[in-house]
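Asks: Structure: my_file.cif, mmCIF, C-alpha atoms (C1' of nucleotides).
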data_query
loop_
_atom_site.label_atom_id
_atom_site.label_comp_id
_atom_site.auth_asym_id
_atom_site.auth_seq_id
_atom_site.Cartn_x
_atom_site.Cartn_y
_atom_site.Cartn_z
CA MET A 1 0.00 0.00 0.00
CA TYR A 2 2.87 2.40 0.69
CA GLU A 3 5.47 1.05 -1.71
CA LEU A 4 5.03 3.55 -4.49
CA PHE A 5 5.05 6.52 -2.16
CA PHE A 6 8.36 5.62 -0.62
CA LYS A 7 9.84 4.63 -3.93
CA SER A 8 8.85 7.99 -5.34
CA PHE A 9 10.19 9.74 -2.25
CA ARG A 10 13.55 8.00 -2.37
CA GLN A 11 13.93 8.82 -6.04
CA LYS A 12 13.92 12.46 -5.05
CA VAL A 13 15.38 12.54 -1.54
CA PRO A 14 17.30 9.98 0.54
CA LEU A 15 15.37 8.71 3.53
CA THR A 16 16.53 6.86 6.63
CA VAL A 17 14.59 3.94 8.05
CA GLN A 18 13.60 6.01 11.08
CA GLU A 19 12.33 8.79 8.86
CA GLU A 20 10.32 6.31 6.85
CA THR A 21 8.70 4.92 10.00
CA GLN A 22 7.92 8.40 11.23
CA LEU A 23 6.56 9.50 7.88
CA LYS A 24 4.30 6.48 7.61
CA ARG A 25 2.42 7.57 10.72
CA TYR A 26 1.32 10.69 8.89
CA LEU A 27 -0.17 8.86 5.94
CA THR A 28 -3.80 7.76 5.81
CA PRO A 29 -4.67 5.18 3.15
CA LYS A 30 -8.02 5.50 1.46
CA LYS A 31 -9.75 3.47 -1.20
CA LEU A 32 -12.03 5.05 -3.77
CA ARG A 33 -14.59 3.43 -6.01
CA LYS A 34 -14.92 4.58 -9.59
CA LYS A 35 -16.83 7.91 -9.69
CA GLN A 36 -16.36 8.47 -5.97
CA TYR A 37 -15.45 12.00 -4.96
CA LEU A 38 -12.25 12.73 -3.14
CA LEU A 39 -13.18 16.39 -2.98
CA GLN A 40 -16.27 18.38 -3.89
CA GLU A 41 -16.34 21.98 -5.01
CA GLY A 42 -17.33 24.17 -2.08
CA ASP A 43 -15.79 21.93 0.56
CA VAL A 44 -12.41 22.78 1.99
CA CYS A 45 -9.61 20.56 0.72
CA LYS A 46 -8.33 18.89 3.85
CA SER A 47 -5.53 16.83 2.39
CA ILE A 48 -3.06 16.16 -0.38
CA ALA A 49 -3.48 12.77 -2.02
CA PHE A 50 -0.64 10.63 -3.29
CA ILE A 51 -1.98 8.12 -5.81
CA GLU A 52 -0.85 4.55 -5.14
CA LYS A 53 -3.20 3.01 -7.64
CA GLY A 54 -5.79 4.14 -10.15
CA VAL A 55 -6.65 7.31 -12.04
CA LEU A 56 -8.30 10.46 -10.74
CA LYS A 57 -9.23 13.79 -12.25
CA ALA A 58 -9.50 17.32 -10.92
CA TYR A 59 -11.99 19.55 -12.71
CA SER A 60 -14.17 22.61 -12.49
CA VAL A 61 -17.78 22.86 -13.62
CA ASP A 62 -19.02 25.97 -15.38
CA GLU A 63 -22.48 27.61 -15.34
CA LYS A 64 -23.62 25.45 -18.22
CA GLY A 65 -22.63 22.31 -16.37
CA ASN A 66 -19.63 21.52 -18.52
CA GLU A 67 -16.67 19.87 -16.88
CA HIS A 68 -13.21 21.30 -17.47
CA ILE A 69 -10.45 18.96 -16.46
CA ILE A 70 -7.47 20.78 -15.01
CA GLN A 71 -5.46 17.70 -14.10
CA PHE A 72 -5.33 13.95 -14.42
CA GLY A 73 -3.58 11.94 -11.73
CA LEU A 74 -2.07 8.49 -12.18
CA GLU A 75 -0.02 6.18 -9.99
CA GLY A 76 2.84 8.12 -8.42
CA TRP A 77 1.27 11.52 -8.89
CA ILE A 78 -0.10 13.89 -6.31
CA ILE A 79 -3.54 15.39 -6.67
CA SER A 80 -5.25 18.10 -4.62
CA ASP A 81 -6.87 21.51 -4.77
CA LEU A 82 -3.68 23.09 -3.53
CA TYR A 83 -5.08 26.58 -3.23
CA SER A 84 -7.91 25.42 -1.01
CA PHE A 85 -5.55 23.18 0.95
CA LEU A 86 -3.09 25.96 1.66
CA THR A 87 -5.50 28.82 2.30
CA GLY A 88 -8.44 26.98 3.87
CA GLU A 89 -10.83 28.60 1.41
CA SER A 90 -13.46 26.44 -0.21
CA ALA A 91 -12.40 24.38 -3.20
CA THR A 92 -13.03 25.49 -6.78
CA TYR A 93 -12.24 22.05 -8.12
CA ASN A 94 -13.84 18.65 -7.80
CA ILE A 95 -11.69 15.56 -7.63
CA ASP A 96 -13.01 12.09 -8.33
CA ALA A 97 -11.88 8.64 -9.32
CA ILE A 98 -12.00 7.54 -12.96
CA GLU A 99 -11.10 4.00 -11.91
CA ASP A 100 -11.18 2.28 -8.53
CA SER A 101 -8.20 3.84 -6.81
CA GLU A 102 -6.06 3.88 -3.71
CA VAL A 103 -4.57 7.04 -2.31
CA LEU A 104 -2.47 8.10 0.66
CA LEU A 105 -3.75 11.22 2.36
CA ILE A 106 -1.58 13.81 4.07
CA SER A 107 -3.65 16.15 6.20
CA LYS A 108 -2.89 19.80 6.59
CA SER A 109 -1.59 19.42 10.14
CA ALA A 110 0.56 16.47 9.06
CA HIS A 111 1.89 18.50 6.16
CA GLU A 112 2.80 21.45 8.35
CA GLU A 113 4.41 19.31 11.02
CA LEU A 114 6.45 17.41 8.47
CA LEU A 115 7.61 20.63 6.84
CA ARG A 116 8.73 21.91 10.22
CA GLU A 117 10.37 18.76 11.48
CA MET A 118 11.68 16.81 8.54
CA PRO A 119 13.90 18.70 6.08
CA ALA A 120 13.70 15.81 3.62
CA TYR A 121 9.95 16.35 3.45
CA GLU A 122 10.34 19.98 2.55
CA THR A 123 12.73 19.03 -0.22
CA PHE A 124 10.32 16.37 -1.43
CA THR A 125 7.55 18.97 -1.48
CA ARG A 126 9.68 21.50 -3.30
CA LEU A 127 10.66 19.00 -5.97
CA ASN A 128 7.08 17.85 -6.41
CA ILE A 129 5.72 21.31 -6.88
CA THR A 130 8.58 22.19 -9.21
CA GLY A 131 7.79 19.18 -11.37
CA ALA A 132 4.11 20.06 -11.40
CA TYR A 133 4.93 23.63 -12.33
CA LEU A 134 7.13 22.60 -15.24
CA ALA A 135 4.54 20.16 -16.56
CA MET A 136 1.83 22.79 -16.39
CA GLN A 137 3.99 25.39 -18.06
CA LYS A 138 4.60 23.05 -20.95
CA ARG A 139 0.89 22.46 -21.24
CA LEU A 140 0.06 26.15 -21.12
CA THR A 141 2.62 26.91 -23.82
CA SER A 142 0.96 24.29 -25.97
CA VAL A 143 -2.52 25.70 -25.35
CA ILE A 144 -1.66 29.27 -26.27
CA SER A 145 0.64 28.56 -29.18
CA ALA A 146 0.17 25.16 -30.82
CA PRO A 147 -2.54 24.25 -33.33
CA LEU A 148 -5.02 21.63 -32.11
CA LYS A 149 -3.53 18.72 -33.98
CA GLU A 150 -0.17 19.24 -32.35
CA GLN A 151 -1.73 19.69 -28.96
CA TYR A 152 -3.35 16.31 -29.25
CA THR A 153 -0.35 14.51 -30.73
CA ASP A 154 1.87 16.07 -28.07
CA PHE A 155 -0.54 14.86 -25.44
CA ILE A 156 -0.62 11.27 -26.62
CA ALA A 157 3.17 11.27 -26.96
CA LEU A 158 3.57 12.60 -23.43
CA TYR A 159 0.87 10.58 -21.68
CA PRO A 160 0.16 7.41 -23.67
CA ASP A 161 -1.01 5.70 -20.47
CA ILE A 162 -3.70 8.32 -19.91
CA VAL A 163 -4.96 7.88 -23.46
CA GLN A 164 -5.29 4.17 -22.76
CA ARG A 165 -7.19 4.49 -19.53
CA VAL A 166 -9.37 7.56 -19.91
CA PRO A 167 -12.39 8.10 -22.19
CA GLN A 168 -11.86 10.47 -25.08
CA HIS A 169 -14.37 13.05 -24.05
CA MET A 170 -12.34 13.61 -20.88
CA ILE A 171 -9.22 14.18 -22.92
CA ALA A 172 -11.21 16.65 -24.99
CA SER A 173 -12.18 18.42 -21.78
CA TYR A 174 -8.55 18.49 -20.70
CA LEU A 175 -7.58 20.03 -24.02
CA GLY A 176 -10.32 22.62 -23.72
CA LEU A 177 -12.48 21.47 -26.61
CA LYS A 178 -15.66 19.55 -27.32
CA PRO A 179 -15.78 15.78 -27.82
CA GLU A 180 -17.05 16.24 -31.38
CA THR A 181 -14.12 18.49 -32.19
CA LEU A 182 -11.58 16.04 -30.79
CA SER A 183 -13.21 13.26 -32.76
CA ARG A 184 -12.74 15.31 -35.93
CA VAL A 185 -9.17 16.19 -35.08
CA ARG A 186 -8.42 12.50 -34.67
CA GLN A 187 -10.05 11.72 -37.96
CA LYS A 188 -7.85 14.24 -39.75
CA ILE A 189 -4.72 12.91 -38.09
CA ALA A 190 -5.66 9.36 -39.09
CA GLN A 191 -6.01 10.34 -42.74
CA LYS A 192 -2.31 11.17 -42.95
CA MET B 1 19.16 47.87 -5.46
CA TYR B 2 18.47 44.95 -3.10
CA GLU B 3 15.62 46.36 -1.04
CA LEU B 4 12.76 44.69 -2.81
CA PHE B 5 14.43 41.29 -2.82
CA PHE B 6 14.94 41.24 0.92
CA LYS B 7 11.54 42.72 1.59
CA SER B 8 9.99 39.97 -0.48
CA PHE B 9 12.15 37.36 1.22
CA ARG B 10 11.24 38.51 4.73
CA GLN B 11 7.58 38.49 3.85
CA LYS B 12 7.91 34.77 3.30
CA VAL B 13 10.68 33.66 5.63
CA PRO B 14 12.43 35.34 8.58
CA LEU B 15 16.06 36.19 7.89
CA THR B 16 18.88 37.08 10.27
CA VAL B 17 21.32 39.88 9.51
CA GLN B 18 24.11 37.37 8.97
CA GLU B 19 21.99 35.40 6.55
CA GLU B 20 21.18 38.57 4.67
CA THR B 21 24.84 39.45 4.34
CA GLN B 22 25.68 35.98 3.18
CA LEU B 23 22.81 35.90 0.73
CA LYS B 24 23.77 39.24 -0.78
CA ARG B 25 27.09 37.79 -1.91
CA TYR B 26 25.24 35.39 -4.16
CA LEU B 27 23.26 38.07 -5.97
CA THR B 28 24.49 39.76 -9.13
CA PRO B 29 22.70 42.97 -10.11
CA LYS B 30 22.14 43.62 -13.77
CA LYS B 31 20.54 46.47 -15.68
CA LEU B 32 18.63 45.89 -18.86
CA ARG B 33 17.61 48.36 -21.52
CA LYS B 34 14.19 48.13 -23.08
CA LYS B 35 14.16 45.28 -25.65
CA GLN B 36 17.39 43.82 -24.30
CA TYR B 37 17.47 40.04 -23.97
CA LEU B 38 18.01 38.42 -20.63
CA LEU B 39 17.84 35.02 -22.30
CA GLN B 40 17.65 33.83 -25.89
CA GLU B 41 16.06 30.65 -27.09
CA GLY B 42 18.73 28.05 -27.68
CA ASP B 43 21.09 29.34 -25.00
CA VAL B 44 21.17 27.65 -21.64
CA CYS B 45 19.45 29.59 -18.88
CA LYS B 46 22.27 30.29 -16.44
CA SER B 47 20.33 32.11 -13.75
CA ILE B 48 17.09 32.97 -12.08
CA ALA B 49 16.24 36.66 -12.15
CA PHE B 50 14.50 38.54 -9.37
CA ILE B 51 13.00 41.75 -10.74
CA GLU B 52 13.84 44.82 -8.69
CA LYS B 53 12.52 47.29 -11.24
CA GLY B 54 10.82 47.18 -14.61
CA VAL B 55 8.81 44.71 -16.66
CA LEU B 56 10.03 41.66 -18.55
CA LYS B 57 8.38 38.98 -20.60
CA ALA B 58 9.12 35.32 -21.31
CA TYR B 59 7.89 34.00 -24.63
CA SER B 60 8.29 31.40 -27.30
CA VAL B 61 8.34 32.03 -31.04
CA ASP B 62 6.57 29.64 -33.41
CA GLU B 63 7.45 28.64 -36.99
CA LYS B 64 5.48 31.58 -38.36
CA GLY B 65 7.42 33.99 -36.20
CA ASN B 66 4.57 34.73 -33.84
CA GLU B 67 5.42 35.45 -30.22
CA HIS B 68 3.54 33.62 -27.49
CA ILE B 69 3.98 35.18 -24.09
CA ILE B 70 4.08 32.61 -21.33
CA GLN B 71 4.77 35.02 -18.49
CA PHE B 72 5.08 38.67 -17.61
CA GLY B 73 7.37 39.69 -14.78
CA LEU B 74 7.02 42.85 -12.69
CA GLU B 75 8.80 44.22 -9.65
CA GLY B 76 9.02 41.55 -6.98
CA TRP B 77 8.53 38.64 -9.35
CA ILE B 78 10.98 36.02 -10.46
CA ILE B 79 11.50 35.23 -14.12
CA SER B 80 13.49 32.45 -15.74
CA ASP B 81 13.31 29.47 -18.06
CA LEU B 82 13.17 27.14 -15.10
CA TYR B 83 13.33 23.96 -17.13
CA SER B 84 16.51 25.03 -18.87
CA PHE B 85 17.95 26.34 -15.62
CA LEU B 86 17.36 23.10 -13.77
CA THR B 87 18.27 20.62 -16.49
CA GLY B 88 20.98 22.51 -18.37
CA GLU B 89 19.18 21.93 -21.65
CA SER B 90 18.86 24.79 -24.07
CA ALA B 91 16.08 27.27 -23.44
CA THR B 92 12.76 27.13 -25.28
CA TYR B 93 11.79 30.62 -24.15
CA ASN B 94 13.19 34.06 -24.77
CA ILE B 95 13.17 36.62 -22.02
CA ASP B 96 13.53 40.33 -22.65
CA ALA B 97 12.81 43.68 -21.09
CA ILE B 98 9.63 45.57 -21.97
CA GLU B 99 10.89 48.60 -20.02
CA ASP B 100 14.37 49.50 -18.76
CA SER B 101 14.76 47.11 -15.86
CA GLU B 102 16.97 46.01 -13.00
CA VAL B 103 17.26 42.40 -11.95
CA LEU B 104 19.19 40.37 -9.41
CA LEU B 105 20.67 37.20 -10.84
CA ILE B 106 21.13 33.98 -8.92
CA SER B 107 23.40 31.58 -10.77
CA LYS B 108 22.93 27.86 -10.79
CA SER B 109 25.88 27.21 -8.50
CA ALA B 110 24.67 29.93 -6.13
CA HIS B 111 21.20 28.42 -6.16
CA GLU B 112 22.48 24.95 -5.37
CA GLU B 113 24.78 26.13 -2.64
CA LEU B 114 22.07 28.18 -1.01
CA LEU B 115 19.65 25.27 -1.13
CA ARG B 116 22.23 23.09 0.59
CA GLU B 117 23.40 25.54 3.18
CA MET B 118 20.55 27.86 4.01
CA PRO B 119 17.24 26.26 4.98
CA ALA B 120 15.51 29.63 4.76
CA TYR B 121 16.44 29.78 1.09
CA GLU B 122 14.89 26.42 0.38
CA THR B 123 11.70 27.56 2.04
CA PHE B 124 11.77 30.80 0.07
CA THR B 125 12.19 28.78 -3.12
CA ARG B 126 9.40 26.40 -2.23
CA LEU B 127 7.00 29.25 -1.50
CA ASN B 128 7.92 31.05 -4.69
CA ILE B 129 7.35 28.06 -6.87
CA THR B 130 4.12 27.28 -5.06
CA GLY B 131 2.85 30.79 -5.72
CA ALA B 132 3.86 30.54 -9.36
CA TYR B 133 2.12 27.20 -9.66
CA LEU B 134 -1.13 28.49 -8.19
CA ALA B 135 -1.11 31.56 -10.42
CA MET B 136 -0.52 29.45 -13.49
CA GLN B 137 -3.22 26.98 -12.53
CA LYS B 138 -5.72 29.79 -12.25
CA ARG B 139 -4.68 31.03 -15.67
CA LEU B 140 -4.91 27.59 -17.22
CA THR B 141 -8.38 27.07 -15.77
CA SER B 142 -9.44 30.33 -17.33
CA VAL B 143 -7.96 29.41 -20.73
CA ILE B 144 -9.66 26.05 -20.99
CA SER B 145 -13.01 27.04 -19.50
CA ALA B 146 -13.83 30.74 -19.66
CA PRO B 147 -15.14 32.63 -22.69
CA LEU B 148 -12.76 35.27 -24.06
CA LYS B 149 -14.50 38.25 -22.55
CA GLU B 150 -14.17 36.82 -19.08
CA GLN B 151 -10.58 35.86 -19.66
CA TYR B 152 -9.78 39.44 -20.48
CA THR B 153 -11.81 41.00 -17.68
CA ASP B 154 -10.31 38.52 -15.23
CA PHE B 155 -6.90 39.49 -16.44
CA ILE B 156 -7.38 43.23 -16.02
CA ALA B 157 -8.91 42.66 -12.59
CA LEU B 158 -5.97 40.52 -11.52
CA TYR B 159 -3.14 42.50 -13.09
CA PRO B 160 -4.23 46.12 -13.57
CA ASP B 161 -0.60 47.22 -13.37
CA ILE B 162 0.36 45.03 -16.32
CA VAL B 163 -2.46 46.48 -18.39
CA GLN B 164 -1.10 49.95 -17.65
CA ARG B 165 2.46 49.20 -18.58
CA VAL B 166 2.31 46.71 -21.41
CA PRO B 167 1.09 47.22 -25.00
CA GLN B 168 -2.18 45.55 -25.85
CA HIS B 169 -0.84 43.24 -28.51
CA MET B 170 1.35 41.63 -25.87
CA ILE B 171 -1.64 41.04 -23.66
CA ALA B 172 -3.33 39.48 -26.67
CA SER B 173 -0.33 37.22 -27.08
CA TYR B 174 -0.49 36.27 -23.40
CA LEU B 175 -4.16 35.40 -23.79
CA GLY B 176 -3.42 33.31 -26.85
CA LEU B 177 -5.26 35.45 -29.41
CA LYS B 178 -4.57 37.98 -32.14
CA PRO B 179 -4.35 41.74 -31.51
CA GLU B 180 -7.34 42.34 -33.80
CA THR B 181 -9.40 39.90 -31.82
CA LEU B 182 -8.51 41.49 -28.49
CA SER B 183 -9.36 44.87 -29.92
CA ARG B 184 -12.80 43.56 -30.85
CA VAL B 185 -13.31 41.92 -27.49
CA ARG B 186 -12.53 45.23 -25.81
CA GLN B 187 -14.96 47.01 -28.08
CA LYS B 188 -17.73 44.64 -27.12
CA ILE B 189 -17.01 44.98 -23.44
CA ALA B 190 -17.03 48.78 -23.74
CA GLN B 191 -20.49 48.74 -25.33
CA LYS B 192 -21.98 47.32 -22.16
"C1'" DT C 1 -30.86 -11.14 -20.72
"C1'" DT C 2 -32.71 -6.92 -21.25
"C1'" DT C 3 -32.54 -2.34 -20.29
"C1'" DT C 4 -30.16 1.67 -19.47
"C1'" DT C 5 -26.26 4.52 -19.54
"C1'" DC C 6 -22.08 5.88 -21.51
"C1'" DT C 7 -19.34 6.69 -25.43
"C1'" DA C 8 -17.66 8.00 -30.07
"C1'" DT C 9 -18.85 9.45 -34.50
"C1'" DT C 10 -21.04 12.01 -38.35
"C1'" DG C 11 -23.85 15.72 -40.63
"C1'" DA C 12 -25.80 20.46 -41.03
"C1'" DT C 13 -25.67 24.99 -39.24
"C1'" DT C 14 -24.22 28.88 -36.47
"C1'" DT C 15 -20.86 31.26 -34.00
"C1'" DT C 16 -16.29 32.65 -33.22
"C1'" DA C 17 -11.60 33.76 -34.29
"C1'" DA C 18 -7.84 34.14 -37.80
"C1'" DT C 19 -6.31 36.24 -41.78
"C1'" DC C 20 -5.36 39.85 -45.08
"C1'" DA C 21 -5.38 44.57 -45.87
"C1'" DA C 22 -5.71 49.36 -45.02
"C1'" DC C 23 -5.52 53.47 -42.17
"C1'" DG C 24 -4.67 57.08 -38.63
"C1'" DT C 25 -2.25 57.94 -34.43
"C1'" DT C 26 1.33 57.93 -31.28
"C1'" DA C 27 6.30 57.04 -30.08
"C1'" DT C 28 11.03 56.66 -31.37
"C1'" DT C 29 14.94 57.58 -34.12
"C1'" DT C 30 17.73 60.06 -36.94
"C1'" DA D 1 11.78 68.61 -37.45
"C1'" DA D 2 11.30 64.91 -40.40
"C1'" DA D 3 11.31 60.13 -41.07
"C1'" DT D 4 10.49 55.74 -39.46
"C1'" DA D 5 8.66 52.32 -36.64
"C1'" DA D 6 5.20 50.68 -33.41
"C1'" DC D 7 0.51 50.48 -32.12
"C1'" DG D 8 -4.51 50.01 -32.12
"C1'" DT D 9 -8.59 49.90 -34.79
"C1'" DT D 10 -11.81 48.70 -38.52
"C1'" DG D 11 -13.62 46.13 -42.66
"C1'" DA D 12 -14.16 42.03 -45.67
"C1'" DT D 13 -13.26 37.28 -46.12
"C1'" DT D 14 -11.79 32.67 -44.83
"C1'" DA D 15 -11.07 29.10 -41.54
"C1'" DA D 16 -12.02 26.80 -37.31
"C1'" DA D 17 -14.74 25.30 -33.50
"C1'" DA D 18 -19.27 25.13 -31.06
"C1'" DT D 19 -23.79 23.79 -31.28
"C1'" DC D 20 -27.74 20.96 -32.26
"C1'" DA D 21 -29.30 16.61 -33.62
"C1'" DA D 22 -29.18 11.87 -34.69
"C1'" DT D 23 -27.15 7.31 -34.58
"C1'" DA D 24 -24.84 3.02 -33.34
"C1'" DG D 25 -21.87 0.33 -30.60
"C1'" DA D 26 -19.94 -0.83 -25.97
"C1'" DA D 27 -20.22 -1.14 -21.17
"C1'" DA D 28 -22.67 -1.30 -16.89
"C1'" DA D 29 -26.78 -2.03 -14.22
"C1'" DA D 30 -31.14 -4.13 -13.35
#
Can you give me the file's structure in the form of structure tokens?
Replies:
Amino acid sequence: MYELFFKSFRQKVPLTVQEETQLKRYLTPKKLRKKQYLLQEGDVCKSIAFIEKGVLKAYSVDEKGNEHIIQFGLEGWIISDLYSFLTGESATYNIDAIEDSEVLLISKSAHEELLREMPAYETFTRLNITGAYLAMQKRLTSVISAPLKEQYTDFIALYPDIVQRVPQHMIASYLGLKPETLSRVRQKIAQK
Amino acid sequence: MYELFFKSFRQKVPLTVQEETQLKRYLTPKKLRKKQYLLQEGDVCKSIAFIEKGVLKAYSVDEKGNEHIIQFGLEGWIISDLYSFLTGESATYNIDAIEDSEVLLISKSAHEELLREMPAYETFTRLNITGAYLAMQKRLTSVISAPLKEQYTDFIALYPDIVQRVPQHMIASYLGLKPETLSRVRQKIAQK
DNA sequence: TTTTTCTATTGATTTTAATCAACGTTATTT
DNA sequence: AAATAACGTTGATTAAAATCAATAGAAAAA
């Protein structure tokens, strides 16, 4: 249940056995059924979730009821409404499971204590957020500059596993377009 | 020349006088004329820049020669091609000055040494990148979900100072649309 | 199994943004 | 002061994506 978390941690920062034992006490495992919410818009985000197994999505819903997916999360990724988590304001995103999933939760108090008391955890956090920032910057660059076809081909090149496991209309939502449009983009790509 | 940097630092993390003195040795001030490059695509990004004065922009250029602005930087902000800085690969962004500007440069070796030796600096870095992440996430949400009018009104509400100091066609570029289109969006907003 | 829901595709039409071109104004340079 | 470059706007046209509607297959639930 904790293997992936510690593997991922050690890849970034060395960790002693004592630290691992200590750290484990701060983690709360949770299982999610497909479609189950981890967080609902309006609630306060009480924890960061490390994904041990499964696929989740974070998304907002507009006035018309359309979902806009801001992030997918797979095994080894972290998912959360970070703004809500850090500020205590109510969440603007929903998070739910696309498949049956298992996550490790780190509560706010756990997070703060770990940051204060375990330097390795701060480094782990810094590296995680840096990686997330770089990934998002790449995505944003693509959205504002690349034509649709490239955006989609870039996406499948970068995240082939997501394409396998997630329905197309969700990928369309992630790319900021309608399912019909993505279907047509795919058709055009296939012709060549 | 260093006031804003230390003010910004102290707002995030407490800093002793000794630490401040030590830190100052790692900072290299640099003045930039309007239009002067801080970084050119293809070069390796050798430093992070803290902006003491002025306005800069980071942007990519596509095959057709169009600029796509990924980030503006004002006083108190940090600007860099972080991916290039961290990996040593050549930069995909250009950075140049929109106004005459003054920046403080932190080289890669300085950055690494500070991270190793000064815990306050790691915290400062973590908080900076977290803030940048949250700002970019908000922007990305807007790009994939909001209609153009809202994107623009959100932008002017969030960054009125940028609107004052930066030509409109650059704001269009930042929003991922053509200057003519932004002009028409503004016209429609004004009618109401 | 049968029903229901979810999913991807296609067609016709409307809406939206890009493109191409021209123009007047304001800033910079020389 | 004159010349040049940069900037913002407007118009006409083309291209791209959203919308509305219908359909068929696949997956999940009853």
Asks: How close does each residue of chain A get to chain C, giving the shortest atom pair and distance in Å to one decimal for every residue with an atom at most 9 Å away, counting all atoms listed in the file, sorted by chain and residue number, as JSON lines?
Replies:
{"residue": "A:Pro167", "atom": "CA", "partner": "C:DT7", "partner_atom": "C1'", "distance": 7.8}
{"residue": "A:Gln168", "atom": "CA", "partner": "C:DA8", "partner_atom": "C1'", "distance": 8.0}
{"residue": "A:His169", "atom": "CA", "partner": "C:DT7", "partner_atom": "C1'", "distance": 8.2}
{"residue": "A:Pro179", "atom": "CA", "partner": "C:DA8", "partner_atom": "C1'", "distance": 8.3}
{"residue": "A:Glu180", "atom": "CA", "partner": "C:DT9", "partner_atom": "C1'", "distance": 7.7}
{"residue": "A:Ser183", "atom": "CA", "partner": "C:DT9", "partner_atom": "C1'", "distance": 7.0}
{"residue": "A:Arg184", "atom": "CA", "partner": "C:DT9", "partner_atom": "C1'", "distance": 8.6}
Asks: Given the file shown, determine the residues that the PyMOL selection byres ((chain A) within 10 of (chain D)) selects; report them as a compact mmCIF listing (two decimals) with C-alpha atoms, in the coordinates of the input.
Replies:
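Result file out.txt:
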# COMPACT_ATOMS: atom_id res chain seq x y z
CA LEU A 177 -12.48 21.47 -26.61
CA LYS A 178 -15.66 19.55 -27.32
CA GLU A 180 -17.05 16.24 -31.38
CA THR A 181 -14.12 18.49 -32.19
Asks: I'd like to know which of B:Leu32, B:Ala172, B:Ile162, B:Ile51 is closest to chain A, using only C-alpha atoms.
Replies: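 Among B:Leu32, B:Ala172, B:Ile162, B:Ile51, it is B:Ala172 that comes nearest to chain A.
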Asks: Taking all atoms listed in the file into account, report as a PyMOL selection string which residues of chain A lie within 9 Å of chain B.
Replies: chain A and resi 59-62+66-70+82-83+119+122-123+125-127+129-130+132-134+136-137+139-141+143-146+173-177
Asks: Evaluate the PyMOL selection byres ((chain B and resi 96-110) around 7) here and jot the selected residues down as a VMD selection string.
Replies: chain B and resid 26 to 39 46 to 58 94 to 95 111 to 114
Asks: Those same residues, written as an mmCIF file, keeping the file's coordinate frame with C-alpha atoms?
Replies:
data_model
loop_
_atom_site.group_PDB
_atom_site.id
_atom_site.type_symbol
_atom_site.label_atom_id
_atom_site.label_comp_id
_atom_site.auth_asym_id
_atom_site.auth_seq_id
_atom_site.Cartn_x
_atom_site.Cartn_y
_atom_site.Cartn_z
ATOM 1 C CA TYR B 26 25.240 35.390 -4.160
ATOM 2 C CA LEU B 27 23.260 38.070 -5.970
ATOM 3 C CA THR B 28 24.490 39.760 -9.130
ATOM 4 C CA PRO B 29 22.700 42.970 -10.110
ATOM 5 C CA LYS B 30 22.140 43.620 -13.770
ATOM 6 C CA LYS B 31 20.540 46.470 -15.680
ATOM 7 C CA LEU B 32 18.630 45.890 -18.860
ATOM 8 C CA ARG B 33 17.610 48.360 -21.520
ATOM 9 C CA LYS B 34 14.190 48.130 -23.080
ATOM 10 C CA LYS B 35 14.160 45.280 -25.650
ATOM 11 C CA GLN B 36 17.390 43.820 -24.300
ATOM 12 C CA TYR B 37 17.470 40.040 -23.970
ATOM 13 C CA LEU B 38 18.010 38.420 -20.630
ATOM 14 C CA LEU B 39 17.840 35.020 -22.300
ATOM 15 C CA LYS B 46 22.270 30.290 -16.440
ATOM 16 C CA SER B 47 20.330 32.110 -13.750
ATOM 17 C CA ILE B 48 17.090 32.970 -12.080
ATOM 18 C CA ALA B 49 16.240 36.660 -12.150
ATOM 19 C CA PHE B 50 14.500 38.540 -9.370
ATOM 20 C CA ILE B 51 13.000 41.750 -10.740
ATOM 21 C CA GLU B 52 13.840 44.820 -8.690
ATOM 22 C CA LYS B 53 12.520 47.290 -11.240
ATOM 23 C CA GLY B 54 10.820 47.180 -14.610
ATOM 24 C CA VAL B 55 8.810 44.710 -16.660
ATOM 25 C CA LEU B 56 10.030 41.660 -18.550
ATOM 26 C CA LYS B 57 8.380 38.980 -20.600
ATOM 27 C CA ALA B 58 9.120 35.320 -21.310
ATOM 28 C CA ASN B 94 13.190 34.060 -24.770
ATOM 29 C CA ILE B 95 13.170 36.620 -22.020
ATOM 30 C CA HIS B 111 21.200 28.420 -6.160
ATOM 31 C CA GLU B 112 22.480 24.950 -5.370
ATOM 32 C CA GLU B 113 24.780 26.130 -2.640
ATOM 33 C CA LEU B 114 22.070 28.180 -1.010
#
Asks: How far is it from atom CA of B:Lys24 to atom CA of B:Tyr121, in Å with one decimal?
Replies: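 Atom-to-atom, atom CA of B:Lys24 to atom CA of B:Tyr121, that is 12.1 Å.
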Asks: As a check of understanding, name the residues that the PyMOL selection byres ((chain B and resi 12) around 10) selects in the supplied structure, as a PyMOL selection string.
Replies: chain B and resi 6-11+13-15+120+123-125+127-128
Asks: Can you tell me how far atom CA of B:Thr153 sits from atom CA of B:Gln187, in Å to one decimal?
Replies: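 Computed distance, atom CA of B:Thr153 to atom CA of B:Gln187, equals 12.4 Å.
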Asks: For a test of reading the model, state the distance in Å between atom CA of A:Val44 and atom CA of A:Ser90, rounded to one decimal.
Replies: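 Result for atom CA of A:Val44 versus atom CA of A:Ser90: 4.4 Å, one decimal.
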